[in-house]
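Visitor: Sharing protein_38.txt (compact mmCIF, C-alpha atoms) below.
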```
# COMPACT_ATOMS: atom_id res chain seq x y z
CA MET A 1 -20.22 -13.11 8.65
CA TYR A 2 -17.35 -15.56 8.94
CA VAL A 3 -13.96 -13.85 8.99
CA LEU A 4 -10.63 -15.63 8.75
CA ILE A 5 -7.65 -13.64 9.98
CA VAL A 6 -4.08 -14.82 9.38
CA GLY A 7 -1.56 -13.36 11.82
CA ALA A 8 -2.25 -12.72 15.50
CA GLY A 9 0.04 -9.75 15.95
CA LYS A 10 -1.29 -6.49 17.36
CA VAL A 11 -3.31 -5.83 14.22
CA GLY A 12 -4.76 -9.33 13.90
CA TRP A 13 -5.60 -9.70 17.57
CA ASN A 14 -7.30 -6.32 17.85
CA LEU A 15 -9.21 -6.88 14.62
CA ALA A 16 -10.42 -10.22 15.95
CA ARG A 17 -11.61 -8.62 19.18
CA GLU A 18 -13.52 -5.89 17.38
CA LEU A 19 -15.07 -8.28 14.89
CA VAL A 20 -16.15 -10.69 17.64
CA GLU A 21 -17.66 -7.75 19.51
CA LYS A 22 -19.69 -6.93 16.41
CA GLU A 23 -21.01 -10.49 16.47
CA ASN A 24 -19.02 -11.98 13.64
CA GLU A 25 -17.63 -15.47 13.70
CA VAL A 26 -13.84 -15.17 13.66
CA THR A 27 -10.92 -17.58 13.36
CA VAL A 28 -7.34 -16.42 13.70
CA ILE A 29 -4.31 -18.40 12.52
CA GLU A 30 -0.95 -17.82 14.18
CA SER A 31 2.31 -19.62 13.42
CA ASN A 32 4.35 -18.53 16.41
CA ARG A 33 3.73 -20.95 19.26
CA ARG A 34 4.31 -18.48 22.08
CA ARG A 35 2.20 -15.80 20.51
CA TYR A 36 -0.52 -18.38 19.89
CA GLU A 37 -0.54 -19.36 23.56
CA VAL A 38 -0.83 -15.75 24.72
CA VAL A 39 -3.70 -14.93 22.40
CA GLU A 40 -5.40 -18.28 22.99
CA GLU A 41 -6.00 -17.31 26.62
CA GLU A 42 -8.43 -14.71 25.38
CA LEU A 43 -9.71 -16.01 22.06
CA GLU A 44 -9.75 -19.67 23.12
CA HIS A 45 -10.98 -21.95 20.34
CA SER A 46 -11.12 -19.07 17.87
CA ILE A 47 -7.39 -19.23 17.30
CA HIS A 48 -5.59 -22.00 15.44
CA TYR A 49 -1.90 -22.74 15.61
CA GLY A 50 -0.20 -23.24 12.26
CA ASP A 51 1.35 -21.73 9.15
CA GLY A 52 -1.45 -19.84 7.46
CA THR A 53 0.24 -20.11 4.09
CA GLU A 54 -0.23 -23.89 4.10
CA LEU A 55 -3.32 -25.07 2.31
CA TRP A 56 -4.30 -27.66 4.91
CA VAL A 57 -4.05 -25.11 7.72
CA LEU A 58 -6.31 -22.72 5.82
CA GLU A 59 -8.72 -25.53 5.06
CA ARG A 60 -8.79 -26.72 8.68
CA ALA A 61 -9.72 -23.17 9.64
CA GLY A 62 -12.63 -23.30 7.21
CA ILE A 63 -11.39 -20.95 4.51
CA GLY A 64 -13.90 -22.47 2.11
CA ARG A 65 -16.84 -20.86 3.89
CA ALA A 66 -15.16 -17.56 4.79
CA ASP A 67 -16.92 -14.35 3.77
CA LEU A 68 -13.76 -12.35 4.31
CA VAL A 69 -10.08 -13.27 4.58
CA ILE A 70 -7.68 -10.83 6.20
CA ALA A 71 -3.92 -11.39 5.90
CA VAL A 72 -2.04 -9.35 8.47
CA THR A 73 1.21 -11.20 9.08
CA GLY A 74 4.51 -9.34 9.23
CA ASP A 75 5.63 -10.76 5.88
CA ASP A 76 4.36 -9.21 2.70
CA GLU A 77 5.03 -12.30 0.61
CA ASP A 78 2.95 -14.36 3.03
CA ASN A 79 0.10 -11.85 2.90
CA ILE A 80 0.23 -11.83 -0.89
CA LEU A 81 0.12 -15.61 -1.06
CA ILE A 82 -2.69 -16.01 1.45
CA CYS A 83 -4.89 -13.54 -0.40
CA GLN A 84 -3.98 -14.94 -3.79
CA MET A 85 -4.92 -18.47 -2.75
CA ALA A 86 -8.06 -17.19 -0.99
CA GLN A 87 -9.21 -15.44 -4.14
CA GLU A 88 -8.13 -17.88 -6.77
CA LYS A 89 -8.21 -21.27 -5.10
CA TYR A 90 -11.06 -20.81 -2.65
CA SER A 91 -13.03 -18.15 -4.57
CA ILE A 92 -13.27 -15.80 -1.62
CA GLU A 93 -14.63 -12.53 -2.94
CA ARG A 94 -13.45 -10.23 -0.22
CA VAL A 95 -9.86 -10.15 0.98
CA ILE A 96 -7.86 -7.51 2.78
CA ALA A 97 -4.07 -7.60 2.91
CA ARG A 98 -1.65 -5.75 5.08
CA CYS A 99 1.34 -4.37 3.27
CA ASN A 100 4.21 -3.90 5.71
CA ASN A 101 6.67 -2.24 3.35
CA PRO A 102 4.98 0.39 1.18
CA ARG A 103 7.49 -0.35 -1.58
CA ASN A 104 5.81 -3.73 -1.90
CA LEU A 105 2.41 -2.21 -2.71
CA GLN A 106 3.25 -2.55 -6.41
CA HIS A 107 3.53 -6.33 -5.99
CA PHE A 108 0.09 -6.55 -4.37
CA GLU A 109 -1.25 -4.51 -7.25
CA LEU A 110 0.51 -6.61 -9.90
CA LEU A 111 -0.96 -9.79 -8.48
CA GLY A 112 -4.44 -8.34 -8.14
CA ILE A 113 -4.66 -8.19 -4.36
CA LYS A 114 -6.99 -5.40 -3.35
CA PRO A 115 -7.24 -3.71 -1.00
CA ALA A 116 -3.72 -3.76 0.40
CA VAL A 117 -3.42 -1.57 3.45
CA SER A 118 -0.10 -0.05 4.36
CA ALA A 119 0.06 1.79 7.67
CA THR A 120 3.38 3.35 6.69
CA ASP A 121 1.88 4.59 3.45
CA LEU A 122 -1.16 5.99 5.23
CA ILE A 123 1.03 7.91 7.64
CA LEU A 124 3.21 9.14 4.78
CA ARG A 125 0.12 10.46 3.02
CA LEU A 126 -0.97 12.22 6.19
CA ILE A 127 2.47 13.80 6.46
CA GLU A 128 2.24 14.94 2.86
CA HIS A 129 -1.13 16.45 3.58
CA GLU A 130 0.15 18.26 6.63
CA VAL A 131 3.37 19.35 4.95
CA PRO A 132 2.44 19.45 1.28
CA LYS A 133 5.85 20.28 -0.12
CA TYR A 134 9.33 20.53 1.17
CA GLY A 135 10.38 24.09 1.72
CA LEU A 136 6.93 25.22 2.73
CA VAL A 137 6.37 26.72 6.15
CA HIS A 138 3.05 27.81 7.60
CA LEU A 139 3.86 31.09 9.25
CA LEU A 140 0.35 31.92 10.33
CA ASP A 141 -3.03 30.25 10.03
CA LEU A 142 -5.98 32.55 10.63
CA LYS A 143 -8.69 29.95 10.91
CA GLU A 144 -11.55 32.33 11.67
CA GLU A 145 -10.60 34.67 8.85
CA ARG A 146 -9.86 31.72 6.58
CA LEU A 147 -6.48 33.11 5.60
CA GLU A 148 -2.99 31.75 5.88
CA ILE A 149 0.47 33.15 5.45
CA ILE A 150 3.07 30.79 4.07
CA GLU A 151 6.75 30.99 3.34
CA ILE A 152 8.02 29.02 0.40
CA GLU A 153 11.45 28.43 -1.11
CA VAL A 154 12.01 29.04 -4.81
CA PRO A 155 13.93 26.09 -6.20
CA GLU A 156 15.95 26.22 -9.44
CA GLY A 157 13.85 25.33 -12.45
CA CYS A 158 10.40 25.87 -10.96
CA PRO A 159 7.86 27.99 -12.90
CA ALA A 160 8.25 30.89 -10.47
CA ALA A 161 12.03 31.19 -10.82
CA GLY A 162 12.79 34.04 -13.23
CA SER A 163 9.17 35.19 -13.38
CA THR A 164 7.91 38.61 -12.38
CA VAL A 165 5.34 38.71 -9.63
CA LYS A 166 2.58 39.77 -11.99
CA ASP A 167 3.35 36.92 -14.39
CA LEU A 168 3.41 34.29 -11.66
CA GLY A 169 -0.05 33.16 -12.58
CA LEU A 170 -1.33 33.14 -9.02
CA PRO A 171 -5.05 32.65 -8.56
CA ASP A 172 -7.30 35.33 -7.11
CA GLY A 173 -7.02 35.19 -3.37
CA ALA A 174 -3.24 34.73 -3.34
CA LEU A 175 -0.81 37.59 -2.96
CA VAL A 176 2.97 37.82 -2.69
CA ILE A 177 3.62 40.05 0.30
CA SER A 178 7.37 39.81 0.61
CA ILE A 179 10.49 38.44 -1.05
CA LEU A 180 13.40 37.46 1.18
CA ARG A 181 16.79 37.56 -0.51
CA ASP A 182 20.38 37.91 0.70
CA ARG A 183 19.29 38.22 4.32
CA GLY A 184 17.06 41.13 3.46
CA GLY A 185 13.48 41.39 2.40
CA PHE A 186 11.31 43.72 0.40
CA VAL A 187 7.72 44.18 -0.55
CA PRO A 188 7.57 43.45 -4.25
CA VAL A 189 5.73 45.28 -7.00
CA GLY A 190 4.25 43.62 -10.06
CA ASP A 191 7.50 43.93 -12.02
CA SER A 192 9.75 42.49 -9.29
CA VAL A 193 11.53 39.38 -10.52
CA ILE A 194 11.56 36.26 -8.37
CA THR A 195 14.82 34.32 -8.57
CA ALA A 196 15.84 30.84 -7.56
CA GLY A 197 16.99 30.76 -3.95
CA ASP A 198 14.52 33.44 -2.82
CA GLU A 199 12.04 32.81 -0.08
CA VAL A 200 8.63 34.18 -0.83
CA LEU A 201 5.93 35.07 1.66
CA LEU A 202 2.37 34.79 0.48
CA VAL A 203 -1.01 35.41 1.97
CA LEU A 204 -3.69 33.03 0.70
CA ASP A 205 -7.28 32.11 1.09
CA ILE A 206 -7.44 28.71 2.71
CA GLY A 207 -7.68 26.03 0.04
CA LEU A 208 -5.39 27.68 -2.50
CA GLU A 209 -2.22 26.17 -1.13
CA GLU A 210 -2.02 23.38 -3.64
CA ILE A 211 -2.42 25.59 -6.72
CA VAL A 212 0.07 28.10 -5.36
CA THR A 213 2.75 25.57 -4.41
CA GLU A 214 2.62 24.16 -7.94
CA ARG A 215 4.18 27.42 -9.16
CA PHE A 216 7.11 26.74 -6.85
CA ALA A 217 7.51 23.02 -7.53
CA CYS A 218 10.08 21.63 -9.91
CA PRO A 219 8.53 19.79 -12.84
CA MET B 1 21.58 -17.08 -22.41
CA PHE B 2 21.40 -14.73 -19.44
CA VAL B 3 20.37 -16.52 -16.27
CA LEU B 4 19.28 -14.74 -13.07
CA ILE B 5 19.28 -16.79 -9.90
CA VAL B 6 17.71 -15.40 -6.73
CA GLY B 7 18.88 -17.13 -3.57
CA SER B 8 22.42 -18.39 -3.35
CA GLY B 9 22.06 -21.33 -1.02
CA ARG B 10 23.24 -24.86 -1.75
CA VAL B 11 20.87 -25.22 -4.66
CA GLY B 12 21.08 -21.77 -6.18
CA SER B 13 24.86 -21.56 -5.98
CA ALA B 14 25.36 -25.04 -7.47
CA VAL B 15 23.06 -24.28 -10.42
CA ALA B 16 24.78 -20.91 -10.87
CA LYS B 17 28.21 -22.52 -11.07
CA SER B 18 27.20 -25.14 -13.58
CA MET B 19 25.37 -22.61 -15.78
CA LEU B 20 28.44 -20.39 -15.77
CA SER B 21 30.73 -23.26 -16.72
CA ASP B 22 28.31 -24.14 -19.54
CA GLY B 23 29.15 -20.72 -20.93
CA HIS B 24 26.02 -18.81 -19.92
CA GLU B 25 25.98 -15.34 -18.44
CA VAL B 26 24.96 -15.76 -14.80
CA SER B 27 23.83 -13.21 -12.23
CA VAL B 28 23.06 -14.13 -8.62
CA LEU B 29 21.05 -12.09 -6.12
CA ASP B 30 21.10 -12.81 -2.40
CA GLU B 31 20.26 -10.72 0.65
CA ASN B 32 23.31 -12.01 2.51
CA PRO B 33 26.62 -10.52 1.31
CA GLU B 34 28.40 -13.61 2.61
CA ALA B 35 26.42 -15.91 0.34
CA ILE B 36 29.06 -15.30 -2.31
CA ALA B 37 31.26 -17.73 -0.36
CA LEU B 38 29.20 -20.63 -1.69
CA LEU B 39 29.77 -19.38 -5.23
CA ASN B 40 33.52 -19.12 -4.69
CA ARG B 41 33.84 -22.48 -2.97
CA GLY B 42 35.61 -25.21 -4.88
CA GLN B 43 36.59 -22.92 -7.73
CA ASP B 44 40.14 -22.00 -8.80
CA GLU B 45 39.16 -18.39 -9.31
CA SER B 46 36.61 -16.23 -7.57
CA TRP B 47 33.04 -16.14 -8.87
CA GLU B 48 33.45 -12.63 -10.18
CA ASP B 49 36.84 -13.35 -11.81
CA LEU B 50 35.18 -16.24 -13.61
CA GLY B 51 32.71 -13.74 -15.03
CA GLY B 52 29.72 -14.28 -12.77
CA SER B 53 27.97 -11.36 -11.16
CA PHE B 54 26.67 -11.10 -7.62
CA THR B 55 24.24 -8.54 -6.22
CA VAL B 56 23.32 -8.06 -2.58
CA GLY B 57 19.67 -7.24 -2.08
CA THR B 58 16.26 -8.45 -0.96
CA ALA B 59 14.35 -10.50 -3.48
CA LEU B 60 11.22 -8.34 -3.38
CA GLU B 61 13.09 -5.09 -4.03
CA ILE B 62 12.58 -4.04 -7.62
CA ASP B 63 15.79 -1.99 -7.55
CA ALA B 64 17.82 -5.04 -6.52
CA LEU B 65 16.19 -7.20 -9.18
CA LEU B 66 16.94 -4.55 -11.81
CA GLU B 67 20.51 -4.18 -10.63
CA ALA B 68 20.87 -7.94 -10.99
CA GLY B 69 19.57 -7.59 -14.57
CA ILE B 70 16.04 -9.01 -14.42
CA ASP B 71 14.90 -6.83 -17.33
CA ARG B 72 17.20 -8.66 -19.74
CA ALA B 73 17.08 -12.15 -18.21
CA ASP B 74 16.23 -15.09 -20.47
CA ALA B 75 15.82 -17.41 -17.51
CA PHE B 76 14.89 -16.74 -13.90
CA LEU B 77 15.35 -19.18 -11.03
CA ALA B 78 13.75 -18.50 -7.64
CA SER B 79 15.65 -20.51 -5.05
CA THR B 80 15.60 -18.59 -1.78
CA ASP B 81 14.80 -20.49 1.40
CA GLY B 82 11.28 -19.07 1.49
CA ASP B 83 8.55 -20.76 -0.54
CA ASN B 84 6.33 -17.70 -0.48
CA THR B 85 9.14 -15.37 -1.48
CA ASN B 86 9.96 -17.66 -4.38
CA ILE B 87 6.37 -17.86 -5.55
CA VAL B 88 5.90 -14.09 -5.39
CA ILE B 89 9.15 -13.15 -7.18
CA ALA B 90 8.55 -15.79 -9.83
CA GLN B 91 5.22 -14.16 -10.62
CA ILE B 92 6.90 -10.74 -10.70
CA ALA B 93 9.51 -12.09 -13.13
CA LYS B 94 6.81 -13.53 -15.35
CA LYS B 95 4.13 -10.87 -15.24
CA ARG B 96 6.11 -7.69 -14.83
CA PHE B 97 9.38 -8.47 -16.58
CA GLU B 98 8.08 -11.10 -18.99
CA VAL B 99 11.05 -13.40 -18.48
CA GLU B 100 10.66 -16.33 -20.85
CA LEU B 101 11.69 -19.15 -18.57
CA VAL B 102 10.78 -18.89 -14.88
CA VAL B 103 11.45 -21.81 -12.57
CA VAL B 104 10.58 -21.71 -8.89
CA ARG B 105 11.61 -23.97 -6.07
CA VAL B 106 8.79 -24.72 -3.62
CA LEU B 107 9.41 -27.09 -0.72
CA ASP B 108 5.77 -27.49 0.27
CA PRO B 109 4.11 -30.04 -2.07
CA GLY B 110 0.66 -28.48 -1.58
CA ARG B 111 1.64 -25.02 -2.75
CA ALA B 112 3.95 -26.44 -5.44
CA LYS B 113 1.11 -28.42 -6.95
CA TRP B 114 -1.44 -25.63 -6.88
CA TYR B 115 0.89 -23.02 -8.35
CA ALA B 116 1.98 -25.49 -11.01
CA GLN B 117 -1.70 -25.75 -11.99
CA GLN B 118 -1.74 -21.96 -12.25
CA GLY B 119 1.04 -22.08 -14.80
CA LEU B 120 4.18 -21.63 -12.75
CA GLN B 121 7.00 -24.04 -13.45
CA THR B 122 7.60 -25.35 -9.93
CA VAL B 123 10.22 -27.77 -8.71
CA CYS B 124 9.38 -29.47 -5.43
CA PRO B 125 12.35 -31.26 -3.84
CA THR B 126 10.08 -32.66 -1.12
CA GLN B 127 7.76 -34.28 -3.63
CA THR B 128 10.75 -35.63 -5.56
CA ALA B 129 12.16 -37.13 -2.36
CA ILE B 130 8.81 -38.69 -1.50
CA GLU B 131 8.57 -40.32 -4.91
CA LEU B 132 12.16 -41.57 -4.88
CA LEU B 133 11.82 -43.00 -1.39
CA GLU B 134 8.56 -44.68 -2.24
CA ALA B 135 10.06 -46.17 -5.37
CA ALA B 136 13.13 -47.38 -3.46
CA VAL B 137 11.02 -49.18 -0.88
CA ARG B 138 8.62 -50.61 -3.47
CA GLY B 139 11.52 -51.84 -5.60
CA HIS B 140 13.10 -53.78 -2.78
CA LYS B 141 12.66 -57.57 -2.79
CA SER B 142 12.91 -58.72 0.77
CA SER B 143 15.05 -61.82 1.34
CA ARG B 144 13.61 -62.29 4.84
CA GLY B 145 10.45 -63.92 3.52
CA GLY B 146 7.93 -61.40 4.86
CA ALA B 147 4.67 -60.70 3.11
CA GLY B 148 4.86 -58.93 -0.28
```
In structure tokens, what does this structure look like?

Guide:
Amino acid sequence: MYVLIVGAGKVGWNLARELVEKENEVTVIESNRRRYEVVEEELEHSIHYGDGTELWVLERAGIGRADLVIAVTGDDEDNILICQMAQEKYSIERVIARCNNPRNLQHFELLGIKPAVSATDLILRLIEHEVPKYGLVHLLDLKEERLEIIEIEVPEGCPAAGSTVKDLGLPDGALVISILRDRGGFVPVGDSVITAGDEVLLVLDIGLEEIVTERFACP
Amino acid sequence: MFVLIVGSGRVGSAVAKSMLSDGHEVSVLDENPEAIALLNRGQDESWEDLGGSFTVGTALEIDALLEAGIDRADAFLASTDGDNTNIVIAQIAKKRFEVELVVVRVLDPGRAKWYAQQGLQTVCPTQTAIELLEAAVRGHKSSRGGAG
């Protein structure tokens, strides 16, 4: 497969290496002279010097016969343009764009550039997965027993605020074991009322966290 | 008419000033807070006292574009110093905000021509200069008696 990569930063250079290793034909375009010279020592004739948003530079690099165009410069507008021209002017079916600022993902989407990969966004999603909601603390994970104990804050306006424990609507496998309020704590009964500002300790089967935290999330 | 101009360099600021003096409502967006100097230059009153508005922000930021009033703009002019920025924000103005008139400055004749074919109203100062220079040379009758 012939792969054209625009941008010889860390991402572009490493991609080129890996793709060459897997026996693809690769050309990289880099517009910074010094960077070009550094990378050229390794990639030799596989790197071209020039502005990869200029049509003649893309054409000199053989964009017309590329199976895949990857735009990984540090500028989102450049990456958008490269992929847009690849798709629409040169009819390249497969493009991949790097999105540096996750707020710009909407522009890639608007202009039909898919997939756009944002490292920042990926890491943010991982963080969300690891820490699903603000105000949630994993007190104890019993991996073998497949149980966890979490502490969660009760914000104003969430479904749990003002509800009794028995009306919380928790799924089977989730149990409120303690309510912390005014520097004290107590073990609630079914009729105990949860109020905004409380911290609630729950024991859960692993996998129920998402359903349970919904009860404590503001709409 | 409400005119939004993104990029307050020599070109953007000059167009902004003449649109304002024609009686239009004009809003200018630039990432450099000091770019307002070009709007104030040569005027008796400051840009804002004359009724123009000025927003500091990056062209690709939707919040900045909204603050500058893109959702009610009748005309949108992309005149930052980056061709690719101009081409991208012009498409955002057209496709997302459905601005009626979108004009984009593109210095590179290659990109200007191709995007014009795609339906963007591009203005290419480089191409204009090429044509004017060619016409000037062609129109000259040499008195030195050389060929042609």

Visitor: Provide as an mmCIF file with C-alpha atoms, in the coordinates of the input the residues of chain B at most 7 Å from chain A, counting all atoms listed in the file.

Guide:
```cif
data_model
loop_
_atom_site.group_PDB
_atom_site.id
_atom_site.type_symbol
_atom_site.label_atom_id
_atom_site.label_comp_id
_atom_site.auth_asym_id
_atom_site.auth_seq_id
_atom_site.Cartn_x
_atom_site.Cartn_y
_atom_site.Cartn_z
ATOM 1 C CA ASN B 84 6.330 -17.700 -0.480
ATOM 2 C CA THR B 85 9.140 -15.370 -1.480
ATOM 3 C CA VAL B 88 5.900 -14.090 -5.390
ATOM 4 C CA GLY B 110 0.660 -28.480 -1.580
#
```

Visitor: Within 6 Å of Asp74 of chain B, counting only C-alpha atoms, which residues qualify if same-chain residues fewer than 6 places away don't, as a PDB file with C-alpha atoms, keeping the file's coordinate frame?

Guide:
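Saved file result-v8.pdb follows:
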```pdb
ATOM      1  CA  PHE B   2      21.400 -14.730 -19.440  1.00  0.00           C
ATOM      2  CA  VAL B  99      11.050 -13.400 -18.480  1.00  0.00           C
ATOM      3  CA  GLU B 100      10.660 -16.330 -20.850  1.00  0.00           C
TER       4      GLU B 100
END
```

Visitor: When you draw a straight line from atom CA of Ala73 of chain B to atom CA of His24 of chain B, how long is it in Å?

Guide: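 Distance reported for this atom pair: 11.3 Å.
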
Visitor: Would you compute the distance between atom CA of Ser46 of chain A and atom CA of Glu93 of chain A? Give it in Å to one decimal.

Guide: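 Those two atoms sit 22.1 Å apart.
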
Visitor: Env of segment 4-14 of chain B: 7 Å cut, atoms = all atoms listed in the file, seq-sep filter 3 positions within chain, self excluded. Answer as a list of chain:residue names.

Guide: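 Listed by chain and then number, they are B:Lys17, B:Ser18, B:Val26, B:Ser27, B:Val28, B:Leu29, B:Asp30, B:Ala35, B:Leu38, B:Leu39, B:Ala59, B:Ile70, B:Ala73, B:Ala75, B:Phe76, B:Leu77, B:Ala78, B:Ser79, B:Thr80.
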
Visitor: How would the residues just picked look written out with C-alpha atoms as an mmCIF file, in the coordinates of the input?

Guide:
```cif
data_model
loop_
_atom_site.group_PDB
_atom_site.id
_atom_site.type_symbol
_atom_site.label_atom_id
_atom_site.label_comp_id
_atom_site.auth_asym_id
_atom_site.auth_seq_id
_atom_site.Cartn_x
_atom_site.Cartn_y
_atom_site.Cartn_z
ATOM 1 C CA LYS B 17 28.210 -22.520 -11.070
ATOM 2 C CA SER B 18 27.200 -25.140 -13.580
ATOM 3 C CA VAL B 26 24.960 -15.760 -14.800
ATOM 4 C CA SER B 27 23.830 -13.210 -12.230
ATOM 5 C CA VAL B 28 23.060 -14.130 -8.620
ATOM 6 C CA LEU B 29 21.050 -12.090 -6.120
ATOM 7 C CA ASP B 30 21.100 -12.810 -2.400
ATOM 8 C CA ALA B 35 26.420 -15.910 0.340
ATOM 9 C CA LEU B 38 29.200 -20.630 -1.690
ATOM 10 C CA LEU B 39 29.770 -19.380 -5.230
ATOM 11 C CA ALA B 59 14.350 -10.500 -3.480
ATOM 12 C CA ILE B 70 16.040 -9.010 -14.420
ATOM 13 C CA ALA B 73 17.080 -12.150 -18.210
ATOM 14 C CA ALA B 75 15.820 -17.410 -17.510
ATOM 15 C CA PHE B 76 14.890 -16.740 -13.900
ATOM 16 C CA LEU B 77 15.350 -19.180 -11.030
ATOM 17 C CA ALA B 78 13.750 -18.500 -7.640
ATOM 18 C CA SER B 79 15.650 -20.510 -5.050
ATOM 19 C CA THR B 80 15.600 -18.590 -1.780
#
```

Visitor: Given the choices B:Leu120, B:Val137, B:Ile36, B:Ala68, which gets closest to Glu48 of chain B if the distance is worked out from only C-alpha atoms?

Guide: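 Nearest candidate to Glu48 of chain B out of B:Leu120, B:Val137, B:Ile36, B:Ala68: B:Ile36.
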
Visitor: Could you give me, as JSON, numbers by chain, the residues that have an atom at most 8 Å away from the point (2.9, 31.2, 8.0) in the coordinates of the file, using only C-alpha atoms?

Guide: {"A": [137, 138, 139, 140, 141, 148, 149, 150, 151]}

Visitor: Here is a test: counting all atoms listed in the file, which residue of A:Ala97, A:Leu105, A:Ile127, A:Val38 is nearest to Ile62 of chain B?

Guide: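 Of the candidates, the smallest distance to Ile62 of chain B is held by A:Leu105.
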
Visitor: Kindly give the distance, in Å, that separates atom CA of Cys83 of chain A and atom CA of Val56 of chain B, rounded to a single decimal.

Guide: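 Rounded to one decimal, the two atoms are 28.8 Å apart.
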
Visitor: So which residues touch Val72 of chain A within 8 Å, counting only C-alpha atoms, skipping near sequence neighbours fewer than 4 positions away, as a PyMOL selection string?

Guide: chain A and resi 5-9+11-12+79+97-99
